[in-house]
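Visitor: run.csv (CSV, C-alpha atoms) pasted underneath:
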chain,number,residue,atom,x,y,z
M,28,MET,CA,0.0,0.0,0.0
M,29,PRO,CA,1.4,3.5,-0.9
M,30,SER,CA,2.6,5.5,2.0
M,31,THR,CA,0.3,8.4,1.1
M,32,ARG,CA,-2.7,6.2,2.0
M,33,ILE,CA,-1.1,5.1,5.2
M,34,ASP,CA,-0.6,8.7,6.4
M,35,TYR,CA,-3.7,10.4,5.0
M,36,GLY,CA,-6.2,7.7,4.7
M,37,ASN,CA,-6.9,8.2,1.0
M,38,ASP,CA,-5.1,8.3,-2.3
M,39,LEU,CA,-4.7,12.1,-2.4
M,40,LEU,CA,-5.7,12.4,-6.0
M,41,ASN,CA,-6.8,15.7,-7.6
M,42,PRO,CA,-8.0,18.1,-6.0
M,43,GLY,CA,-6.1,16.8,-2.9
M,44,GLN,CA,-7.0,16.7,0.8
M,45,ARG,CA,-7.5,20.0,2.5
M,46,GLN,CA,-5.3,20.6,5.6
M,47,PRO,CA,-6.5,22.2,8.8
M,48,SER,CA,-4.5,25.4,8.4
M,49,GLY,CA,-5.7,28.3,6.3
M,50,SER,CA,-6.4,32.0,6.4
M,51,VAL,CA,-8.8,34.7,5.0
M,52,SER,CA,-8.1,38.4,4.9
M,53,ILE,CA,-10.4,41.3,3.8
M,54,ASP,CA,-9.0,44.8,3.7
M,55,ALA,CA,-10.7,48.1,4.2
M,56,TYR,CA,-11.5,48.5,0.5
M,57,GLY,CA,-13.2,45.1,0.1
M,58,LEU,CA,-10.3,43.1,-1.4
M,59,ALA,CA,-10.7,39.5,-0.2
M,60,GLN,CA,-7.8,37.0,-0.2
M,61,ALA,CA,-7.5,33.5,1.3
M,62,GLN,CA,-4.9,30.7,1.4
M,63,LEU,CA,-5.4,27.0,1.9
M,64,THR,CA,-3.0,24.0,1.8
M,65,PHE,CA,-3.8,20.6,0.2
M,66,ALA,CA,-1.9,17.3,0.4
M,67,VAL,CA,-1.6,15.7,-3.0
M,68,ASP,CA,0.0,12.5,-4.3
M,69,SER,CA,3.3,13.4,-6.0
M,70,ASP,CA,2.8,11.1,-8.9
M,71,SER,CA,3.5,13.2,-12.1
M,72,SER,CA,0.1,12.5,-13.7
M,73,ASN,CA,-1.7,13.5,-10.5
M,74,LEU,CA,0.3,16.7,-10.2
M,75,THR,CA,-0.5,17.5,-13.8
M,76,ASP,CA,-4.2,17.1,-13.0
M,77,VAL,CA,-3.9,19.3,-9.9
M,78,ILE,CA,-2.1,22.1,-11.7
M,79,ASP,CA,-4.7,22.0,-14.5
M,80,THR,CA,-7.5,22.2,-12.0
M,81,TYR,CA,-6.3,25.1,-9.9
M,82,SER,CA,-4.9,27.0,-12.9
M,83,LEU,CA,-8.5,27.4,-14.2
M,84,GLY,CA,-9.8,29.1,-11.1
M,85,VAL,CA,-11.3,26.9,-8.4
M,86,ASP,CA,-13.9,28.4,-6.0
M,87,TYR,CA,-12.9,28.8,-2.4
M,88,PRO,CA,-14.6,25.9,-0.7
M,89,ASP,CA,-16.3,27.7,2.2
M,90,ASP,CA,-19.3,29.9,1.7
M,91,LEU,CA,-18.5,33.4,2.9
M,92,GLY,CA,-21.2,35.2,1.0
M,93,PHE,CA,-19.0,36.3,-1.9
M,94,THR,CA,-16.8,34.6,-4.5
M,95,MET,CA,-13.1,33.9,-4.4
M,96,LYS,CA,-11.2,31.8,-6.9
M,97,SER,CA,-7.7,30.3,-7.0
M,98,TYR,CA,-5.2,32.4,-9.0
M,99,LYS,CA,-1.8,31.1,-7.9
M,100,TYR,CA,-0.3,28.2,-6.0
M,101,HIS,CA,2.9,26.8,-4.7
M,102,LEU,CA,4.1,23.2,-4.5
M,103,SER,CA,6.5,21.8,-1.9
M,104,SER,CA,7.7,18.3,-1.4
M,105,ALA,CA,6.9,16.3,1.8
M,106,LYS,CA,7.8,12.8,2.9
M,107,GLY,CA,6.1,9.7,1.6
M,108,ASN,CA,5.6,10.8,-2.0
M,109,VAL,CA,3.4,13.6,-0.9
M,110,SER,CA,3.4,17.2,-2.1
M,111,MET,CA,1.9,20.1,-0.2
M,112,LEU,CA,0.0,22.5,-2.5
M,113,THR,CA,-0.6,26.0,-1.1
M,114,VAL,CA,-3.4,27.8,-3.0
M,115,ASP,CA,-4.1,31.5,-3.0
M,116,TYR,CA,-7.6,32.8,-3.7
M,117,ILE,CA,-8.8,36.3,-4.6
M,118,GLY,CA,-12.1,38.0,-4.8
M,119,VAL,CA,-14.2,41.0,-3.7
M,120,SER,CA,-16.3,41.1,-0.6
M,121,ARG,CA,-18.5,43.9,-1.8
M,122,GLY,CA,-21.9,43.0,-3.2
M,123,VAL,CA,-21.3,45.1,-6.3
M,124,ASP,CA,-18.2,42.9,-7.0
M,125,TYR,CA,-15.7,45.7,-7.2
M,126,THR,CA,-13.7,47.3,-4.4
M,127,ASP,CA,-13.9,50.8,-3.0
M,128,ALA,CA,-11.4,53.1,-4.7
M,129,GLN,CA,-8.0,53.3,-3.0
M,130,ILE,CA,-6.9,56.8,-3.8
M,131,THR,CA,-3.8,59.0,-3.3
M,132,GLY,CA,-3.6,62.6,-4.4
M,133,VAL,CA,-1.0,65.3,-5.0
M,134,ALA,CA,-1.9,69.0,-5.1
M,135,ASN,CA,0.7,70.9,-7.1
M,136,THR,CA,1.0,73.7,-9.6
M,137,MET,CA,1.5,73.9,-13.4
M,138,ALA,CA,2.8,76.8,-15.4
M,139,GLN,CA,0.0,78.2,-17.6
M,140,PRO,CA,-0.2,81.2,-20.0
M,141,ILE,CA,-1.2,84.3,-18.1
M,142,GLU,CA,-4.0,84.8,-20.7
M,143,THR,CA,-5.8,81.9,-19.1
M,144,HIS,CA,-5.8,83.4,-15.6
M,145,PRO,CA,-9.4,83.9,-14.3
M,146,ASN,CA,-8.6,87.5,-13.4
M,147,PHE,CA,-7.1,88.4,-16.8
M,148,THR,CA,-9.9,90.1,-18.7
M,149,ALA,CA,-12.4,90.9,-16.0
M,150,TYR,CA,-12.0,91.4,-12.3
M,151,ASP,CA,-12.5,88.2,-10.3
M,152,ALA,CA,-13.4,89.1,-6.7
M,153,ARG,CA,-11.3,86.2,-5.3
M,154,PHE,CA,-8.2,88.3,-6.0
M,155,ASN,CA,-6.9,91.4,-4.5
M,156,SER,CA,-7.5,93.7,-7.5
M,157,GLY,CA,-8.0,93.4,-11.2
M,158,PRO,CA,-8.3,92.8,-14.0
M,159,LEU,CA,-4.7,92.0,-14.8
M,160,ALA,CA,-4.8,93.0,-18.5
M,161,GLY,CA,-8.4,94.1,-19.2
M,162,THR,CA,-9.2,94.6,-22.9
M,163,LYS,CA,-7.8,96.4,-25.9
M,164,SER,CA,-10.2,99.3,-25.3
M,165,SER,CA,-9.5,99.4,-21.6
M,166,PRO,CA,-6.0,98.0,-21.0
M,167,GLN,CA,-4.6,97.7,-17.4
M,168,ASN,CA,-1.1,97.5,-16.1
M,169,ASN,CA,0.4,98.6,-19.5
M,170,ALA,CA,-1.1,95.5,-21.2
M,171,ILE,CA,-0.1,95.3,-24.8
M,172,PHE,CA,-2.7,94.1,-27.3
M,173,ILE,CA,-1.3,93.4,-30.8
M,174,PRO,CA,-3.7,93.3,-33.8
M,175,VAL,CA,-3.6,90.0,-35.6
M,176,ILE,CA,-2.8,90.5,-39.3
M,177,ASN,CA,-4.5,88.5,-42.0
M,178,PRO,CA,-1.6,86.6,-43.7
M,179,VAL,CA,-3.4,86.8,-47.0
M,180,THR,CA,-4.6,90.4,-47.3
M,181,GLY,CA,-2.1,91.9,-44.9
M,182,ALA,CA,-4.9,93.8,-43.2
M,183,PRO,CA,-5.6,93.9,-39.5
M,184,THR,CA,-8.3,91.6,-38.2
M,185,ASN,CA,-10.8,92.1,-35.4
M,186,GLN,CA,-8.7,89.8,-33.2
M,187,ASN,CA,-5.7,90.6,-30.9
M,188,SER,CA,-2.9,88.7,-29.4
M,189,PHE,CA,-1.4,89.5,-26.0
M,190,GLY,CA,2.0,91.1,-26.2
M,191,GLY,CA,2.8,91.1,-22.5
M,192,PHE,CA,2.8,93.8,-19.9
M,193,GLY,CA,4.9,96.9,-20.9
M,194,VAL,CA,7.4,98.6,-18.6
M,195,SER,CA,6.4,101.7,-16.8
M,196,ASP,CA,6.9,105.1,-18.4
M,197,THR,CA,7.4,106.7,-15.0
M,198,SER,CA,9.7,106.1,-12.1
M,199,THR,CA,7.2,103.7,-10.6
M,200,GLN,CA,7.9,100.1,-11.5
M,201,ASN,CA,5.2,98.1,-13.3
M,202,LYS,CA,5.0,95.0,-11.2
M,203,LYS,CA,3.3,93.1,-13.9
M,204,ALA,CA,6.0,93.7,-16.5
M,205,GLY,CA,7.6,90.5,-17.9
M,206,ILE,CA,4.9,88.2,-16.5
M,207,ARG,CA,3.8,85.7,-19.2
M,208,GLN,CA,2.9,82.7,-17.1
M,209,TYR,CA,1.4,82.0,-13.7
M,210,LEU,CA,1.3,78.8,-11.5
M,211,ARG,CA,-2.1,77.3,-11.7
M,212,PRO,CA,-3.2,75.1,-8.9
M,213,MET,CA,-3.7,71.5,-10.0
M,214,VAL,CA,-4.8,68.3,-8.2
M,215,ASN,CA,-3.7,64.9,-9.6
M,216,ILE,CA,-5.4,61.9,-8.2
M,217,ARG,CA,-4.4,58.2,-8.6
M,218,GLY,CA,-6.9,55.5,-7.8
M,219,GLN,CA,-7.0,51.8,-7.8
M,220,ILE,CA,-10.0,49.5,-8.0
M,221,LEU,CA,-10.1,45.7,-8.2
M,222,PHE,CA,-13.0,44.5,-10.4
M,223,GLY,CA,-14.3,41.1,-9.5
M,224,PHE,CA,-15.2,38.1,-11.7
M,225,THR,CA,-18.6,39.5,-12.7
M,226,ALA,CA,-17.5,43.1,-13.1
M,227,VAL,CA,-14.4,42.9,-15.3
M,228,ALA,CA,-16.3,44.6,-18.2
M,229,LYS,CA,-16.4,47.8,-16.1
M,230,ALA,CA,-12.5,47.8,-15.9
M,231,TYR,CA,-12.3,47.6,-19.7
M,232,LYS,CA,-14.8,50.4,-20.1
M,233,LEU,CA,-12.7,52.5,-17.8
M,234,ALA,CA,-9.6,51.7,-19.9
M,235,ASN,CA,-11.3,53.0,-23.0
M,236,MET,CA,-12.0,56.4,-21.4
M,237,SER,CA,-8.4,57.6,-21.1
M,238,GLY,CA,-8.3,61.1,-22.4
M,239,MET,CA,-12.0,61.7,-21.7
M,240,LEU,CA,-13.8,63.5,-18.9
M,241,VAL,CA,-15.7,61.3,-16.4
M,242,HIS,CA,-19.3,60.5,-17.6
M,243,ASP,CA,-21.2,61.8,-14.6
M,244,THR,CA,-21.1,62.6,-10.9
M,245,GLY,CA,-22.0,59.0,-10.0
M,246,ASP,CA,-18.9,57.7,-11.7
M,247,LEU,CA,-16.8,60.4,-10.2
M,248,THR,CA,-17.9,59.5,-6.7
M,249,LYS,CA,-16.9,55.9,-7.3
M,250,LEU,CA,-13.5,56.8,-8.7
M,251,ILE,CA,-12.2,59.5,-6.3
M,252,ALA,CA,-14.5,59.9,-3.3
M,253,PRO,CA,-14.2,61.8,-1.0
M,254,VAL,CA,-12.0,64.1,-3.1
M,255,ILE,CA,-14.9,65.6,-5.2
M,256,PRO,CA,-14.3,69.0,-6.9
M,257,GLY,CA,-16.9,71.7,-6.2
M,258,GLY,CA,-19.2,73.6,-8.4
M,259,THR,CA,-21.8,72.6,-11.0
M,260,ASP,CA,-21.2,69.3,-12.8
M,261,PRO,CA,-18.0,68.4,-11.0
M,262,TYR,CA,-17.4,65.4,-13.3
M,263,LYS,CA,-16.6,67.8,-16.1
M,264,LYS,CA,-13.6,69.0,-14.1
M,265,ALA,CA,-12.1,65.4,-13.9
M,266,LEU,CA,-10.0,64.3,-16.9
M,267,ILE,CA,-8.9,60.7,-17.0
M,268,THR,CA,-5.3,60.9,-18.1
M,269,SER,CA,-4.2,57.3,-17.9
M,270,VAL,CA,-5.5,53.8,-17.1
M,271,ASN,CA,-3.4,50.7,-16.5
M,272,ILE,CA,-5.1,47.3,-16.1
M,273,GLU,CA,-3.8,44.0,-14.9
M,274,ALA,CA,-5.7,40.7,-15.2
M,275,ILE,CA,-5.2,38.4,-12.3
M,276,GLY,CA,-6.3,34.7,-12.7
M,277,SER,CA,-7.2,32.5,-15.6
M,278,ILE,CA,-8.0,34.6,-18.6
M,279,GLU,CA,-8.5,31.4,-20.7
M,280,SER,CA,-11.4,30.2,-18.5
M,281,GLY,CA,-12.7,33.7,-17.9
M,282,LYS,CA,-12.2,33.3,-14.2
M,283,HIS,CA,-10.1,36.4,-13.5
M,284,VAL,CA,-10.3,39.7,-11.8
M,285,VAL,CA,-8.9,43.0,-13.1
M,286,LYS,CA,-6.9,45.5,-11.2
M,287,ALA,CA,-7.3,49.0,-12.7
M,288,THR,CA,-5.0,51.8,-11.7
M,289,TYR,CA,-5.9,55.2,-13.1
M,290,ASP,CA,-5.0,58.9,-12.9
M,291,LEU,CA,-7.3,61.9,-13.0
M,292,MET,CA,-6.4,65.5,-13.3
M,293,ILE,CA,-8.8,68.0,-11.7
M,294,ALA,CA,-9.3,71.3,-13.5
M,295,ASN,CA,-9.5,74.7,-12.1
M,296,ASP,CA,-13.0,75.4,-10.6
M,297,THR,CA,-13.5,78.6,-12.7
M,298,ILE,CA,-12.3,77.6,-16.1
M,299,GLY,CA,-12.5,73.8,-16.1
M,300,TRP,CA,-11.8,71.7,-19.2
M,301,ASP,CA,-12.8,72.9,-22.6
M,302,LEU,CA,-15.7,70.7,-23.7
M,303,ASP,CA,-14.9,71.6,-27.3
M,304,VAL,CA,-11.5,69.9,-26.8
M,305,TYR,CA,-12.2,67.1,-24.3
M,306,GLN,CA,-15.1,64.7,-24.7
M,307,VAL,CA,-17.3,63.6,-21.8
M,308,ALA,CA,-17.2,59.8,-21.7
M,309,PRO,CA,-20.3,58.6,-23.5
M,310,VAL,CA,-21.3,55.8,-21.1
M,311,SER,CA,-21.2,55.2,-17.4
M,312,ILE,CA,-18.6,52.8,-15.9
M,313,PHE,CA,-20.7,51.7,-12.9
M,314,SER,CA,-24.3,52.0,-13.9
Render the structure in this file as structure tokens.
Guide:
Amino acid sequence: MPSTRIDYGNDLLNPGQRQPSGSVSIDAYGLAQAQLTFAVDSDSSNLTDVIDTYSLGVDYPDDLGFTMKSYKYHLSSAKGNVSMLTVDYIGVSRGVDYTDAQITGVANTMAQPIETHPNFTAYDARFNSGPLAGTKSSPQNNAIFIPVINPVTGAPTNQNSFGGFGVSDTSTQNKKAGIRQYLRPMVNIRGQILFGFTAVAKAYKLANMSGMLVHDTGDLTKLIAPVIPGGTDPYKKALITSVNIEAIGSIESGKHVVKATYDLMIANDTIGWDLDVYQVAPVSIFS
């Protein structure tokens, strides 16, 4: 009689005999992971069957109210022609089958043309005084407005380009002279969501939205809560600048989850993103 039957009381064929030890962990965002160990017969044909079985994504055997499937394993040799198979499972404990967004953010500044400043043409009460430049008919701070010449006719057009702030013609310095840019406040947010077995299509929808504005406030709340910009239609201030996806598990059998890592750039509350340049995503990710 083989020693495996003597020690374990059965032939330890695929899928193996579960051992008493094991663990389950669920983090604050809803990511669920578990680990179990199985004793299996070390015969090569049996090991092949075991590897094939667990590679295709086997359900975690205990009912925890949500689904976890095997996605990786480790084999180690034991005495008596036995191998110990340690299996890792992954899933999502949330009923919607995707985790809460895990976000980090950086508030920094970005150099922008002074012409885009909200206090450039008309006074914005958030600032000490203004406007910075005004208009051609009412220039401020020695602002220079240069008529745009039609390249075909050589005649002036009705449009003007900004030529900067001129120097003072008195002994009093023009503090605006030489200013051509300003540092615009900008918030960049990185998020990560794990989409479960029934929700992977949502991850692929998100990946196709890089370069677009978020579809609606509902999507924005899922992606970056609690960092929601203020004002009307805040989703129009959130530009998806990159999306990286990683499939975890058996793609062949369709039993895999997808980890999506994405970056959003939040626009200035006053100007926002130009909707003639940036498209609002045509469909929702989460609804």
Visitor: Given the choices M:Val285, M:Ala252, M:Leu240, M:Val77, which gets closest to Val304 (chain M) if the distance is worked out from all atoms listed in the file?
Guide: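 Of M:Val285, M:Ala252, M:Leu240, M:Val77, the one nearest Val304 (chain M), counting all atoms listed in the file, is M:Leu240.
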Visitor: Report as a PyMOL selection string all protein, DNA and RNA residues lying within 10 Å of Leu74 (chain M), evaluated on all atoms listed in the file, omitting residues in the same chain fewer than 2 positions from it.
Guide: chain M and resi 40-43+67-72+76-80+102+110+112
Visitor: Report, in Å with one decimal, the straight-line distance from CA of Ile220 (chain M) to CA of Thr259 (chain M).
Guide: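 Result for CA of Ile220 (chain M) versus CA of Thr259 (chain M): 26.1 Å, one decimal.
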Visitor: Hey, could you make a per-residue contact list for region 73-109 of chain M against region 225-228 of chain M with 12 Å as the cut-off, showing the nearest pair of atoms and its distance in Å to one decimal, counting all atoms listed in the file, sorted by chain and number, as a tab-separated table?
Guide:
residue	atom	partner	partner_atom	distance
M:Phe93	CA	M:Thr225	CA	11.3
M:Thr94	CA	M:Thr225	CA	9.7
M:Met95	CA	M:Thr225	CA	11.4
Visitor: Restricting the output to C-alpha atoms, write the selected residues as a compact mmCIF listing (two decimals), in the coordinates of the input.
Guide:
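Printed below is part.txt as written:
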# COMPACT_ATOMS: atom_id res chain seq x y z
CA PHE M 93 -19.00 36.30 -1.90
CA THR M 94 -16.80 34.60 -4.50
CA MET M 95 -13.10 33.90 -4.40
Visitor: May I ask which of the residues M:Ile141, M:Ile293, M:Ile312, M:Ala128 is the closest one to Pro256 (chain M), counting all atoms listed in the file?
Guide: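 The closest residue to Pro256 (chain M) is M:Ile293.
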Visitor: Give me the residues near Leu63 (chain M) as a list in words, where near means some atom within 10 Å (using only C-alpha atoms) and where sequence neighbours in that chain fewer than 5 positions away do not count.
Guide: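 Listed by chain and then number, they are Arg45, Gln46, Pro47, Ser48, Gly49, Ser50, Val51, Tyr87, Pro88, Ser97, Tyr100, Leu112, Thr113, Val114, Asp115 and Tyr116 of chain M.
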Visitor: What's the 9 Å shell around region 52-57 of chain M, counting all atoms listed in the file, without same-chain residues fewer than 5 positions away, as an MDAnalysis selection string?
Guide: chainID M and resid 118:121 124:129 220:221
